[in-house]
Structure formats: structure tokens, C-alpha cells
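**Q** Data: start.cif, mmCIF, C-alpha atoms and all ligand atoms.
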data_structure
#
loop_
_atom_site.label_atom_id
_atom_site.label_comp_id
_atom_site.auth_asym_id
_atom_site.auth_seq_id
_atom_site.Cartn_x
_atom_site.Cartn_y
_atom_site.Cartn_z
CA MET A 1 14.55 -10.40 0.94
CA ILE A 2 11.33 -8.41 0.84
CA TYR A 3 8.63 -9.63 -1.55
CA THR A 4 5.62 -7.52 -2.45
CA ALA A 5 2.49 -9.02 -4.00
CA THR A 6 0.06 -6.98 -6.09
CA PHE A 7 -2.87 -9.06 -7.28
CA ASN A 8 -4.38 -6.14 -9.16
CA PRO A 9 -1.73 -3.77 -10.55
CA SER A 10 -2.88 -0.63 -12.34
CA LEU A 11 -1.85 2.21 -14.55
CA ASP A 12 -2.78 5.23 -12.46
CA TYR A 13 -4.07 7.97 -14.77
CA ILE A 14 -3.81 11.11 -12.65
CA VAL A 15 -5.67 14.07 -14.12
CA GLN A 16 -5.81 17.59 -12.78
CA LEU A 17 -8.70 19.91 -13.58
CA ASP A 18 -9.64 23.33 -12.23
CA THR A 19 -13.19 22.09 -11.71
CA PHE A 20 -15.06 18.95 -12.60
CA THR A 21 -18.68 19.05 -13.77
CA ALA A 22 -20.50 15.73 -13.99
CA GLY A 23 -22.42 15.33 -17.24
CA ALA A 24 -20.28 17.90 -19.14
CA VAL A 25 -17.10 17.78 -21.26
CA ASN A 26 -14.24 18.54 -18.90
CA ARG A 27 -10.72 19.47 -20.05
CA THR A 28 -7.67 18.58 -18.00
CA LYS A 29 -4.97 21.03 -16.95
CA HIS A 30 -2.32 18.37 -16.52
CA GLU A 31 -2.18 14.59 -16.69
CA ARG A 32 0.31 11.87 -15.87
CA ILE A 33 0.32 8.10 -15.97
CA PHE A 34 2.16 5.91 -13.46
CA GLY A 35 2.45 2.14 -13.12
CA GLY A 36 1.04 1.33 -9.70
CA GLY A 37 -0.97 -0.83 -7.39
CA LYS A 38 -0.17 -0.96 -3.71
CA GLY A 39 2.55 -3.65 -3.60
CA ILE A 40 4.26 -2.18 -6.65
CA ASN A 41 4.33 1.26 -5.02
CA VAL A 42 5.88 -0.31 -1.90
CA SER A 43 8.61 -1.90 -4.06
CA ILE A 44 9.36 1.35 -5.92
CA VAL A 45 9.72 3.31 -2.68
CA LEU A 46 11.82 0.55 -1.07
CA HIS A 47 14.12 0.78 -4.08
CA ASN A 48 14.28 4.58 -3.73
CA LEU A 49 15.31 4.06 -0.10
CA GLY A 50 18.06 1.63 -1.12
CA VAL A 51 16.27 -1.60 -0.13
CA ASP A 52 15.90 -4.47 -2.62
CA SER A 53 12.61 -6.26 -3.13
CA ILE A 54 10.96 -8.59 -5.61
CA THR A 55 7.60 -7.56 -7.04
CA LEU A 56 5.14 -10.44 -7.48
CA GLY A 57 1.63 -10.33 -8.93
CA PHE A 58 -0.42 -10.66 -12.10
CA ILE A 59 -0.33 -8.47 -15.18
CA ALA A 60 -2.21 -8.66 -18.47
CA GLY A 61 -2.29 -7.04 -21.90
CA PHE A 62 -0.62 -3.83 -23.09
CA THR A 63 -1.44 -2.05 -19.84
CA GLY A 64 0.30 -4.84 -17.95
CA ASP A 65 3.33 -4.56 -20.25
CA GLU A 66 3.54 -0.82 -19.55
CA ILE A 67 3.25 -1.38 -15.79
CA GLU A 68 6.12 -3.90 -15.95
CA ARG A 69 8.21 -1.59 -18.16
CA GLN A 70 7.79 1.29 -15.71
CA VAL A 71 8.51 -0.80 -12.62
CA LYS A 72 11.68 -2.19 -14.22
CA SER A 73 12.74 1.28 -15.35
CA PHE A 74 12.91 2.26 -11.67
CA GLY A 75 15.37 -0.59 -11.17
CA CYS A 76 12.94 -2.88 -9.31
CA LYS A 77 13.13 -6.66 -9.72
CA THR A 78 9.87 -8.12 -11.04
CA ASP A 79 8.57 -11.68 -11.16
CA PHE A 80 5.04 -11.17 -12.46
CA ILE A 81 2.75 -13.82 -13.87
CA HIS A 82 1.53 -12.78 -17.33
CA LEU A 83 -2.16 -13.61 -17.75
CA SER A 84 -3.12 -14.72 -21.26
CA ASP A 85 -6.46 -12.85 -21.29
CA GLY A 86 -7.73 -9.44 -20.27
CA LEU A 87 -6.05 -6.17 -19.40
CA SER A 88 -4.50 -4.82 -16.24
CA ARG A 89 -6.76 -2.01 -15.09
CA ILE A 90 -6.43 1.74 -15.56
CA ASN A 91 -7.36 3.58 -12.36
CA VAL A 92 -8.49 7.16 -12.79
CA LYS A 93 -7.54 9.68 -10.11
CA LEU A 94 -9.42 12.96 -10.62
CA LYS A 95 -8.00 15.97 -8.86
CA ALA A 96 -10.28 18.98 -9.00
CA ASP A 97 -11.75 20.92 -6.06
CA VAL A 98 -12.16 17.51 -4.45
CA GLU A 99 -10.28 14.27 -5.24
CA SER A 100 -12.17 11.30 -6.70
CA GLU A 101 -10.90 7.88 -7.74
CA ILE A 102 -12.30 5.27 -10.12
CA ASN A 103 -10.51 1.97 -9.55
CA GLY A 104 -11.12 -0.83 -12.05
CA GLN A 105 -12.04 -4.49 -11.50
CA GLY A 106 -8.93 -5.98 -13.04
CA PRO A 107 -8.56 -9.07 -15.23
CA GLU A 108 -9.76 -12.53 -14.33
CA ILE A 109 -7.07 -14.69 -12.72
CA ASP A 110 -7.41 -18.27 -13.95
CA LYS A 111 -6.70 -21.34 -11.80
CA THR A 112 -3.41 -22.20 -13.56
CA SER A 113 -2.05 -18.69 -13.02
CA LEU A 114 -3.12 -18.75 -9.38
CA LYS A 115 -1.33 -22.07 -8.91
CA ALA A 116 1.78 -20.59 -10.57
CA PHE A 117 1.63 -17.74 -8.03
CA PHE A 118 1.48 -20.18 -5.11
CA ASP A 119 4.50 -22.01 -6.61
CA LYS A 120 6.43 -18.73 -6.62
CA LEU A 121 5.65 -18.31 -2.92
CA ASN A 122 7.81 -21.35 -2.22
CA GLN A 123 10.92 -19.24 -2.88
CA ILE A 124 10.10 -17.15 0.23
CA HIS A 125 12.03 -18.31 3.26
CA HIS A 126 12.50 -17.88 6.98
CA GLU A 127 13.13 -14.20 7.96
CA ASP A 128 11.94 -12.89 4.57
CA VAL A 129 9.17 -10.29 4.46
CA LEU A 130 6.03 -10.54 2.30
CA VAL A 131 3.80 -7.52 1.70
CA LEU A 132 0.25 -8.35 0.60
CA ALA A 133 -1.27 -5.10 -0.54
CA GLY A 134 -4.37 -3.90 -2.33
CA SER A 135 -7.61 -5.26 -3.66
CA ILE A 136 -8.07 -8.49 -5.57
CA PRO A 137 -10.01 -8.91 -8.81
CA SER A 138 -13.67 -9.65 -8.00
CA THR A 139 -13.40 -13.11 -9.61
CA LEU A 140 -11.11 -14.31 -6.79
CA PRO A 141 -12.48 -15.47 -3.43
CA SER A 142 -12.07 -12.97 -0.58
CA ASP A 143 -10.09 -15.52 1.47
CA ILE A 144 -7.14 -15.52 -0.94
CA TYR A 145 -4.78 -13.61 1.40
CA GLU A 146 -5.81 -16.04 4.15
CA LYS A 147 -4.93 -18.99 1.86
CA ILE A 148 -1.50 -17.45 1.18
CA MET A 149 -0.81 -17.03 4.89
CA GLU A 150 -2.00 -20.57 5.57
CA HIS A 151 0.37 -21.81 2.82
CA LEU A 152 3.30 -19.99 4.48
CA ALA A 153 2.29 -20.60 8.10
CA ASP A 154 5.10 -23.02 8.96
CA LYS A 155 7.88 -20.66 7.82
CA SER A 156 8.63 -17.70 10.06
CA ILE A 157 7.97 -15.03 7.46
CA LYS A 158 7.02 -11.49 8.48
CA ILE A 159 3.80 -10.73 6.63
CA VAL A 160 2.50 -7.20 6.14
CA VAL A 161 -1.12 -6.76 5.03
CA ASP A 162 -2.54 -3.55 3.61
CA ALA A 163 -6.08 -4.41 2.63
CA THR A 164 -9.62 -3.59 3.63
CA CYS A 165 -12.60 -5.29 5.30
CA ASN A 166 -12.81 -9.10 4.95
CA LEU A 167 -9.53 -9.39 3.05
CA LEU A 168 -7.86 -7.96 6.16
CA LEU A 169 -10.08 -9.48 8.85
CA ASN A 170 -9.67 -13.00 7.44
CA VAL A 171 -5.88 -12.99 7.87
CA LEU A 172 -5.67 -11.83 11.47
CA LYS A 173 -5.70 -15.36 12.88
CA TYR A 174 -2.37 -15.96 11.07
CA LYS A 175 -0.81 -13.15 13.15
CA PRO A 176 0.48 -10.76 10.46
CA PHE A 177 3.56 -8.83 11.58
CA LEU A 178 2.01 -5.51 10.51
CA ILE A 179 -1.32 -4.25 9.22
CA LYS A 180 -1.81 -0.70 7.95
CA PRO A 181 -5.41 0.41 7.73
CA ASN A 182 -6.15 4.13 7.36
CA HIS A 183 -8.53 5.51 9.98
CA HIS A 184 -11.51 5.40 7.57
CA GLU A 185 -10.87 1.71 6.77
CA LEU A 186 -10.45 0.96 10.49
CA GLY A 187 -13.80 2.65 11.20
CA GLU A 188 -15.49 0.72 8.36
CA ILE A 189 -14.45 -2.58 9.92
CA PHE A 190 -16.35 -1.62 13.08
CA ASN A 191 -19.22 0.11 11.24
CA THR A 192 -18.40 3.47 12.70
CA ILE A 193 -16.66 6.77 11.97
CA LEU A 194 -13.59 7.27 14.13
CA THR A 195 -12.92 10.82 15.25
CA THR A 196 -10.67 10.69 18.32
CA ASP A 197 -7.27 9.09 19.00
CA GLU A 198 -8.87 7.10 21.83
CA GLU A 199 -11.44 5.59 19.44
CA ILE A 200 -8.71 4.76 16.88
CA ILE A 201 -6.49 3.15 19.52
CA SER A 202 -9.38 1.14 20.92
CA CYS A 203 -10.31 -0.25 17.46
CA ALA A 204 -6.65 -0.93 16.60
CA LYS A 205 -6.32 -2.90 19.86
CA LYS A 206 -9.37 -4.97 18.90
CA LEU A 207 -7.54 -6.00 15.69
CA GLN A 208 -4.51 -6.87 17.82
CA ALA A 209 -6.72 -9.01 20.04
CA LYS A 210 -7.74 -10.88 16.86
CA GLY A 211 -4.06 -11.57 16.03
CA ALA A 212 -2.34 -8.59 14.34
CA GLN A 213 1.09 -7.98 15.91
CA ASN A 214 1.69 -4.31 15.07
CA VAL A 215 -1.07 -1.98 13.88
CA LEU A 216 -0.10 1.17 11.98
CA VAL A 217 -3.09 3.47 11.46
CA SER A 218 -2.50 6.22 8.92
CA MET A 219 -4.58 9.38 9.11
CA ALA A 220 -3.52 11.30 5.97
CA GLY A 221 -2.73 14.94 6.94
CA ASP A 222 -3.34 14.12 10.62
CA GLY A 223 -0.33 11.77 10.78
CA ALA A 224 -0.38 8.26 12.17
CA ILE A 225 -0.66 6.08 15.27
CA LEU A 226 1.33 2.87 15.85
CA ILE A 227 0.34 0.25 18.42
CA THR A 228 3.20 -2.23 18.81
CA SER A 229 3.11 -5.91 19.72
CA ASP A 230 4.49 -5.08 23.17
CA GLY A 231 1.67 -2.60 23.84
CA LYS A 232 3.52 0.67 23.19
CA ILE A 233 1.61 3.46 21.48
CA TYR A 234 3.30 6.08 19.28
CA LYS A 235 1.65 9.03 17.60
CA SER A 236 3.20 11.34 15.04
CA PRO A 237 2.01 14.48 13.30
CA VAL A 238 3.06 15.06 9.68
CA PRO A 239 5.86 17.36 8.58
CA LYS A 240 4.93 20.64 6.88
CA GLY A 241 4.58 20.75 3.11
CA ILE A 242 2.25 21.22 0.17
CA VAL A 243 0.32 18.19 -1.01
CA LYS A 244 0.83 17.52 -4.73
CA ASN A 245 -0.31 13.91 -5.16
CA SER A 246 -1.28 11.71 -2.24
CA VAL A 247 -1.81 8.54 -4.36
CA GLY A 248 0.51 5.94 -2.87
CA ALA A 249 1.17 7.85 0.37
CA GLY A 250 0.01 4.86 2.43
CA ASP A 251 2.16 2.44 0.43
CA SER A 252 5.13 4.77 0.84
CA MET A 253 4.54 4.75 4.59
CA VAL A 254 4.69 0.92 4.61
CA ALA A 255 7.92 1.02 2.56
CA GLY A 256 9.45 3.65 4.84
CA PHE A 257 8.50 1.67 7.95
CA LEU A 258 10.04 -1.56 6.58
CA ALA A 259 13.18 0.17 5.32
CA GLY A 260 13.47 1.95 8.69
CA LEU A 261 13.10 -1.27 10.64
CA LEU A 262 15.68 -3.01 8.49
CA THR A 263 18.24 -0.23 8.83
CA THR A 264 17.71 0.85 12.47
CA ASN A 265 16.09 -2.19 14.13
CA ASN A 266 14.16 0.37 16.20
CA ILE A 267 10.39 0.42 15.81
CA GLU A 268 9.91 4.03 16.94
CA LYS A 269 12.49 5.27 14.42
CA ALA A 270 10.92 3.05 11.74
CA PHE A 271 7.54 4.63 12.53
CA LYS A 272 8.93 8.14 12.04
CA ILE A 273 10.65 7.15 8.80
CA GLY A 274 7.30 5.68 7.68
CA VAL A 275 5.47 8.95 8.38
CA ALA A 276 8.18 11.02 6.66
CA THR A 277 8.09 8.70 3.62
CA GLY A 278 4.27 8.90 3.36
CA SER A 279 4.44 12.68 3.50
CA ALA A 280 7.36 12.86 1.05
CA SER A 281 5.20 11.04 -1.50
CA ALA A 282 2.18 13.25 -0.74
CA PHE A 283 4.36 16.36 -1.25
CA SER A 284 5.71 15.18 -4.60
CA GLU A 285 4.15 14.39 -8.03
CA ALA A 286 5.73 10.92 -8.01
CA LEU A 287 6.73 8.58 -5.17
CA ALA A 288 9.15 9.62 -2.41
CA THR A 289 12.91 9.73 -2.96
CA LYS A 290 15.44 9.12 -0.17
CA GLU A 291 16.57 12.75 -0.25
CA GLU A 292 12.97 13.99 0.21
CA VAL A 293 12.40 11.57 3.09
CA MET A 294 15.59 12.54 4.92
CA LYS A 295 14.72 16.23 4.66
CA LEU A 296 11.23 15.75 6.16
CA LEU A 297 12.50 13.38 8.85
CA GLN A 298 14.37 16.29 10.45
CA GLN A 299 10.97 17.88 11.26
CA LEU A 300 9.68 14.88 13.24
N1 LIG B 401 -2.21 15.65 3.33
C1 LIG B 401 -1.09 15.10 3.81
N2 LIG B 401 -0.14 15.88 4.41
C2 LIG B 401 0.97 15.32 4.92
N3 LIG B 401 1.22 13.99 4.91
C3 LIG B 401 0.31 13.17 4.35
C4 LIG B 401 -0.89 13.68 3.75
N4 LIG B 401 -1.60 12.63 3.25
C5 LIG B 401 -0.87 11.53 3.55
N5 LIG B 401 0.26 11.84 4.20
C6 LIG B 401 1.28 10.91 4.75
O1 LIG B 401 1.09 9.61 4.23
C7 LIG B 401 0.65 8.71 5.26
C8 LIG B 401 -0.39 7.77 4.71
O2 LIG B 401 -1.48 8.51 4.21
P1 LIG B 401 -2.98 8.00 4.16
O3 LIG B 401 -3.55 7.89 5.52
O4 LIG B 401 -3.69 8.91 3.19
O5 LIG B 401 -2.79 6.54 3.56
P2 LIG B 401 -3.73 5.70 2.61
O6 LIG B 401 -5.16 6.08 2.82
O7 LIG B 401 -3.34 4.28 2.78
O8 LIG B 401 -3.21 6.24 1.18
P3 LIG B 401 -3.20 5.59 -0.29
O9 LIG B 401 -4.28 4.54 -0.34
O10 LIG B 401 -3.44 6.74 -1.21
O11 LIG B 401 -1.83 5.01 -0.47
C9 LIG B 401 0.14 9.61 6.40
O12 LIG B 401 0.21 8.98 7.64
C10 LIG B 401 1.12 10.79 6.25
O13 LIG B 401 2.38 10.48 6.80
O1 LIG B 402 -8.01 -0.90 -5.72
P1 LIG B 402 -6.91 -1.07 -4.71
O2 LIG B 402 -6.02 -2.23 -5.04
O3 LIG B 402 -7.38 -1.08 -3.30
O4 LIG B 402 -6.01 0.25 -4.80
C1 LIG B 402 -5.32 0.54 -5.99
C2 LIG B 402 -4.64 1.89 -5.86
O5 LIG B 402 -5.57 2.94 -5.63
O6 LIG B 402 -3.75 1.84 -4.76
C3 LIG B 402 -2.56 2.58 -5.05
C4 LIG B 402 -2.42 3.69 -4.04
O7 LIG B 402 -2.36 3.17 -2.76
C5 LIG B 402 -2.70 3.08 -6.47
O8 LIG B 402 -1.47 2.97 -7.14
C6 LIG B 402 -3.77 2.20 -7.08
O9 LIG B 402 -4.49 2.79 -8.12
#
As C-alpha cells - that is how I would like this structure written.
Ligand SMILES: Nc1ncnc2c1ncn2[C@@H]1O[C@H](COP(=O)(O)OP(=O)(O)OP(=O)(O)O)[C@@H](O)[C@H]1O
Ligand SMILES: O=P(O)(O)OC[C@@]1(O)O[C@H](CO)[C@@H](O)[C@@H]1O
**A**
Amino acid sequence: MIYTATFNPSLDYIVQLDTFTAGAVNRTKHERIFGGGKGINVSIVLHNLGVDSITLGFIAGFTGDEIERQVKSFGCKTDFIHLSDGLSRINVKLKADVESEINGQGPEIDKTSLKAFFDKLNQIHHEDVLVLAGSIPSTLPSDIYEKIMEHLADKSIKIVVDATCNLLLNVLKYKPFLIKPNHHELGEIFNTILTTDEEIISCAKKLQAKGAQNVLVSMAGDGAILITSDGKIYKSPVPKGIVKNSVGAGDSMVAGFLAGLLTTNNIEKAFKIGVATGSASAFSEALATKEEVMKLLQQL
């Protein structure tokens, strides 16, 4: 079974404007609202690709109820912890001449709820996959992903981590099966801006030296690079298409990669399915469907 964990789910309020002027009243051209958060997006896309998963995490208030309703309406299995206080966040994604995002803090996670989450982790067994994805509310310590991996260290579970900075760096010693930074996040870790493939590969290898098994670096419209645990390097461009909504493209890539690995047992094919799935989400208003992925895969 694949489990995804989203510590900080969100309602993504995606608004389109012709232009955005700070300090003025702006009117939208189009708006939509999707239940999201990185792990949840991974679960929705896995479901679209015909792979079952269980969505773990914390939700709160009416926003949390709506997130859960939407996730279930896709047919995903959820096992969220309902916090008694606060509200799951609403993340604003502004699409005008440039794209801007305002991501919220999220509700406070109390000690009892955190303990309940760790209890749920005990259902994860040998050969299962756990995806830890996204930010954590600021009230939690930044070693929480590390604590989870420590808790699961004696079971051979494949753990995928899609997180930034310390949240990611802290887990490397537990040898995650896959990490998926984008090239900006990878650069941030090393206090630099990465411009060439050589620079990206060199930084990705440094994260491998710290423990990551496979490193998948996404580069938005420039495609992706995968460095595998046996030292192979794959690069892929993206298929052609028109970008409609790139929110969740990275999560879709993770879902495509995992679904691909499960169905083909071939890491190069899984990589291509990951790229096609990321692009299929970027080229659609909502998250990728299997049909969209299969069509784009033919181009790679
Ligand atoms: N503009 C684009 N054109 C084509 N494909 C894209 C585009 N943007 C993203 N993708 C696809 O999605 C993958 C992941 O994108 P990206 O690098 O933006 O991830 P990310 O930063 O983790 O995204 P997010 O946080 O929004 O989920 C890319 O490798 C590519 O396959
Ligand atoms: O604030 P985080 O947890 O880093 O990212 C949250 C988020 O931007 O990630 C998803 C896209 O990847 C969105 O559904 C969601 O709003």
C-alpha cells in the first residue's frame, strides 16, 4: 500500500486575472477552488492512474471538512486526524502576467493529535511506501519528518520526501528511497542558483552522498533529471503543450513515478511516466488523468 502524509493540507484558491495591481481593487476573470496539499495531490493522481493509496494528515474546521469531502469525491481513501481547533489553510494562487502564491501557516497540531498520527504510522508495513510531502505548520519542530523516519527505521518501508531545506536535509541520514526537490529548492540548499545540468547533477549527488537513494530534480518547463541509487543519470525534456495550471505538477510527477515503478518495475520508464504526469497536470486545469498522461508519454 502507498500512504501519503500531508501535515498541512489546503484549499487552493486559484484566481486568474488579466493583470494584478498591488494596492488596488482587482477583479478576477476566473476562479476555482481545489482541495490540496502535496501528499493529497499525490494520492489524487495515484488514484487517477489506477493505484490505491491512503491519505494521512491533519485537517481542521470547515476548510478541512471541504478538503476531506473533495478528496473522498475523487475516490481516494482518507484517514485524517481531525484537529479540534483552528482551520486548515486556504492557499491563494494568483495567476496574472506572473504567478504568485500565498501559502498559509496552517492550524496548530497539539501533542495528542501528533501522538495519534504516530499511532497510525504503525499500520505501515514492510514493502509499503510512505510519501512525506509539503510544509509543516510553524508550531511543529522542523525535525518532525526525521522523527517519523526514525520511528519507522526498523521496517523496510520505501520513504519518499518532497520537502524543502532543513525538513529535507534532516531526513537524509535515514536513506529515503526518493527525494524530489525542484532545481530552485536544490540550489537554495547549497545557497546558490543552479543554471546548468552539471551544477544540478553535482548538487543532487551531494544529497545522495548524505543518504538519499534516488534524487529526482524537477525543472518545470525544462523537464527533469534523475540520479539513481546505482549512479545512472537520466534527463528528460517535457512534452509539448499549453500550461493551464502548474499547481501540483511536482506532486503529479511523484505520483507518476511511483505508479510507473509499481507497474513497470523499470526506473527509466517510471521517470518518463513521472515527467509525462507532471506535464499532464501543468497542461490541465485540474490534476492529470490517466488518458492525458498516456497521450503525452508518446512524445517522450
Ligand atoms: N511549464 C511546464 N511545461 C511542461 N511541463 C511542466 C511545466 N511545469 C511543470 N511541468 C512538469 O511537471 C514537473 C514538475 O514541475 P516543477 O518543477 O514545477 O515541480 P514543483 O516545483 O515541485 O511544482 P509544485 O510545487 O507546483 O507541485 C516537471 O518536471 C514537468 O514534467
Ligand atoms: O506550503 P507547502 O506545503 O510547501 O505547499 C502547499 C502547496 O503549494 O503545495 C501544493 C502544490 O504542490 C498545493 O496544493 C499547495 O497549496
**Q** Could you check how far atom CA of Tyr13 of chain A sits from atom CA of Glu99 of chain A, in Å to one decimal?
**A** 13.0 Å
**Q** With distances taken over only C-alpha atoms, which residue among A:Ile109, A:Ile233, A:Leu226, A:Leu167 lies nearest Glu185 of chain A?
**A**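 Of A:Ile109, A:Ile233, A:Leu226, A:Leu167, the one nearest Glu185 of chain A is A:Leu167, counting only C-alpha atoms.
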**Q** Residues up to 10 Å from ligand LIG 402 (chain B), counting only C-alpha atoms and all ligand atoms: could you list those as a PyMOL selection string?
**A** chain A and resi 6-14+34-42+89-93+101-106+133-137+162-164+246-252
**Q** Please give me, as a PyMOL selection string, the residues lying within 9 Å of ligand LIG 401 (chain B) when counting all atoms listed in the file.
**A** chain A and resi 38+41+134+162+180-185+216-225+236-254+272+274-283
**Q** Rounded to one decimal in Å, what is the spacing between atom CA of Leu261 of chain A and atom CA of Cys76 of chain A?
**A** 20.0 Å
**Q** Place a sphere of radius 12 Å on (-14.7, -12.2, -0.5) in the file coordinates and name every protein, DNA or RNA residue with an atom inside or on its surface, counting only C-alpha atoms; give the answer as a list in words.
**A** Ser135, Ile136, Pro137, Ser138, Thr139, Leu140, Pro141, Ser142, Asp143, Ile144, Tyr145, Glu146, Thr164, Cys165, Asn166, Leu167, Leu168, Leu169 and Asn170 of chain A
**Q** Tell me, as a ChimeraX atom specification, which residues lie within 12 Å of Tyr174 of chain A, counting all atoms listed in the file; anything in the same chain fewer than 6 positions away does not count.
**A** /A:145-161,168,208,210-213
**Q** For atom CA of Phe74 of chain A and atom CA of Ile44 of chain A, quote the distance in Å rounded to one decimal.
**A**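 So the answer is 6.8 Å.
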**Q** Please list, as a PDB file with C-alpha atoms, in the frame of the given file, the residues that have an atom at most 6 Å away from (-3.3, -5.4, -16.4) in the coordinates of this file, counting only C-alpha atoms.
**A**
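Done, and the output landed in point_36.pdb:
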ATOM      1  CA  ILE A  59      -0.330  -8.470 -15.180  1.00  0.00           C
ATOM      2  CA  ALA A  60      -2.210  -8.660 -18.470  1.00  0.00           C
ATOM      3  CA  GLY A  61      -2.290  -7.040 -21.900  1.00  0.00           C
ATOM      4  CA  THR A  63      -1.440  -2.050 -19.840  1.00  0.00           C
ATOM      5  CA  GLY A  64       0.300  -4.840 -17.950  1.00  0.00           C
ATOM      6  CA  LEU A  87      -6.050  -6.170 -19.400  1.00  0.00           C
ATOM      7  CA  SER A  88      -4.500  -4.820 -16.240  1.00  0.00           C
ATOM      8  CA  ARG A  89      -6.760  -2.010 -15.090  1.00  0.00           C
TER       9      ARG A  89
END
**Q** Compare A:Leu172, A:Leu94, A:Val215, A:Leu178 by their minimum atom-to-atom distance to Arg32 of chain A, counting only C-alpha atoms, and give me the closest one.
**A**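 With only C-alpha atoms as the atom set, the closest residue is A:Leu94.
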**Q** Measuring between only C-alpha atoms, which one of A:Phe257, A:Phe190, A:Phe118, A:Phe62 shows the shortest distance to Ile81 of chain A?
**A** A:Phe118
**Q** Tell me which of A:Met294, A:Ile200, A:Val71, A:Leu287 sits closest to Val45 of chain A, counting all atoms listed in the file.
**A**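 Between A:Met294, A:Ile200, A:Val71, A:Leu287, the residue approaching Val45 of chain A most closely is A:Leu287.
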**Q** Nearest residue to Glu199 of chain A out of A:Leu186, A:Ala288, A:Ala24, A:Ile124, using only C-alpha atoms?
**A** A:Leu186
**Q** Centre and edge lengths, as JSON, for the axis-aligned box enclosing every listed atom of segment 26-30 of chain A with 4 Å of padding on each of the six sides, in Å to one decimal?
**A**
{"center_x": -8.3, "center_y": 19.7, "center_z": -18.3, "size_x": 19.9, "size_y": 10.7, "size_z": 11.5}
